[in-house]
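The block underneath contains the structure these notes are about, expressed in structure tokens.
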Amino acid sequence: MDLNLLVTLDALLRERSVSRAAERLGLSQPAVSAQLARLRRHFGDELLARTGNQYRLTPLAIRLKERVQTALPGVERVFAAAPDFDPGSSTREFKLLISDYTIAVLGDTIARLLAEEAPGARLRFVPNIPETVDDAPQVLVNADLLVLPHGFLLAELPHQDLYRDEWVCLVATTNADVGDRLTIEQLETLPWVVTYHGPTASTPAARRLRTLGIEPRVQIVTETFLTIPGLVAGSDRIALLQRRLAGRIPPSSGIRVLPCPFDAGELVEALWWHPIHDDDPEHRYLRDLVVRAAATAAA
């Protein structure tokens, strides 16, 4: 099987048109039509079925679409591999699975260092949603790094610690029921804004809260830390947030930052990657760059 056909298949499934796929690939329409014919013979399926003046994907093509989009980056990385890595001449894209919290803390520094050292390279920040974390070993085959704190079931993956942080509580300045500190009773009775709330998804601090027998009364679930202050302000809701992020909340936001009334544990942010990337010179460079960015941001 000619691996070039994988690129053609990806373009055809994305565009659902031979002419648009040809334009995307920079090939002639007859050349792409010939490759489509080969793909149809290989799969024993039409893949693109004509309906009126348009093509639709067959059921098999629909199943193939996600698989091709997963497989193609891995194939490209195999053939782009080199014994050494020169950042100054690189044009590759680095893919980081990362939360908006870590982007706020490190994103600008990572981008600045990469622009200085590898001006032709590109960063792609992808949200590390719960499904990504649950299937991290598989997802990281086709991604460079996952930035996530300790406390998730990733112990089998290689990692490197970046920096430490701590959890604080957010309360609205208009919430007159809360004094200088939250009480354990208020943790149980006040409504919460939480992140990544689900059977396998929650922050380590939230799980620690449950070990104390406190089940938060969840009113709002969000998967972006940066939205939490706005969801607490002007309400009786409370939330947990990283101190580094809480320190960026403007004084005029209507938010008070209070210490946690329980031992929330230290937050240790780390890099995680698949062991197949251990000796990849490009990957080692990226890991070193992110570690340097963390050291600069923490200084």
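Residues are referred to by chain and number: the chain letter is A, B, ... according to the order shown in the structure tokens, the number counts from 1 in that chain, and ligands are numbered separately from 1 in the order shown.
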Taking the DSSP secondary structure from the backbone, can you list the residues of segment 20-181 of chain A that are alpha helix (DSSP H), as an NGL selection string? :A and (20-25 or 29-43 or 59-80 or 100-102 or 108-117 or 130-134 or 136-139)
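Here the question is which of A:Ala298, A:Val257, A:Ile98, A:Ala37 gets nearest to Pro130 of chain A using only C-alpha atoms, and that residue is A:Ile98.
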For Ile255 of chain A: contacts at 8 Å, only C-alpha atoms, fewer than 2 positions along chain excluded, given as an MDAnalysis selection string: chainID A and resid 170:173 229 232:233 249 251:253 257
Please save N, CA, C and O atoms of the selected residues as a compact mmCIF listing (two decimals), in the first residue's frame.
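Output file out_26.txt is given in full below:
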```txt
# COMPACT_ATOMS: atom_id res chain seq x y z
N LEU A 170 -12.20 30.94 46.20
CA LEU A 170 -12.75 32.19 45.68
C LEU A 170 -14.15 32.40 46.24
O LEU A 170 -14.97 31.47 46.25
N VAL A 171 -14.39 33.62 46.68
CA VAL A 171 -15.69 34.02 47.22
C VAL A 171 -15.99 35.41 46.67
O VAL A 171 -15.09 36.24 46.52
N ALA A 172 -17.25 35.68 46.39
CA ALA A 172 -17.62 37.01 45.91
C ALA A 172 -17.51 38.03 47.05
O ALA A 172 -17.80 37.72 48.20
N THR A 173 -17.10 39.24 46.72
CA THR A 173 -17.03 40.30 47.74
C THR A 173 -18.42 40.65 48.26
O THR A 173 -18.55 41.20 49.36
N PRO A 229 -13.63 32.86 38.02
CA PRO A 229 -13.90 34.11 38.75
C PRO A 229 -15.20 34.78 38.34
O PRO A 229 -15.97 35.26 39.19
N VAL A 232 -18.19 33.16 39.90
CA VAL A 232 -18.30 33.33 41.34
C VAL A 232 -18.75 34.75 41.69
O VAL A 232 -19.55 34.96 42.61
N ALA A 233 -18.23 35.74 40.98
CA ALA A 233 -18.51 37.14 41.28
C ALA A 233 -20.01 37.42 41.30
O ALA A 233 -20.75 36.95 40.45
N ILE A 249 -6.26 37.86 39.08
CA ILE A 249 -7.61 38.40 39.09
C ILE A 249 -7.55 39.88 39.43
O ILE A 249 -6.97 40.27 40.44
N PRO A 251 -8.30 43.56 40.92
CA PRO A 251 -8.94 43.97 42.18
C PRO A 251 -10.40 44.37 41.99
O PRO A 251 -11.20 44.27 42.93
N SER A 252 -10.75 44.83 40.80
CA SER A 252 -12.12 45.28 40.55
C SER A 252 -13.07 44.16 40.14
O SER A 252 -14.22 44.42 39.76
N SER A 253 -12.62 42.92 40.24
CA SER A 253 -13.42 41.80 39.73
C SER A 253 -14.55 41.38 40.66
O SER A 253 -15.40 40.57 40.27
N VAL A 257 -10.01 36.32 47.58
CA VAL A 257 -9.21 35.09 47.57
C VAL A 257 -8.93 34.73 49.02
O VAL A 257 -8.30 35.49 49.76
```
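Taking atom CA of Leu289 of chain A and atom CA of Glu117 of chain A as the two end points, the separation is 9.5 Å.
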Spatial neighbours of Phe85 of chain A, 10 Å, only C-alpha atoms, chain gap at least 4 places, as a VMD selection string: chain A and resid 81 89 to 90 280 to 285
Atom CA of Ala49 of chain A to atom CA of Val7 of chain A, straight-line distance in Å: 19.4 Å
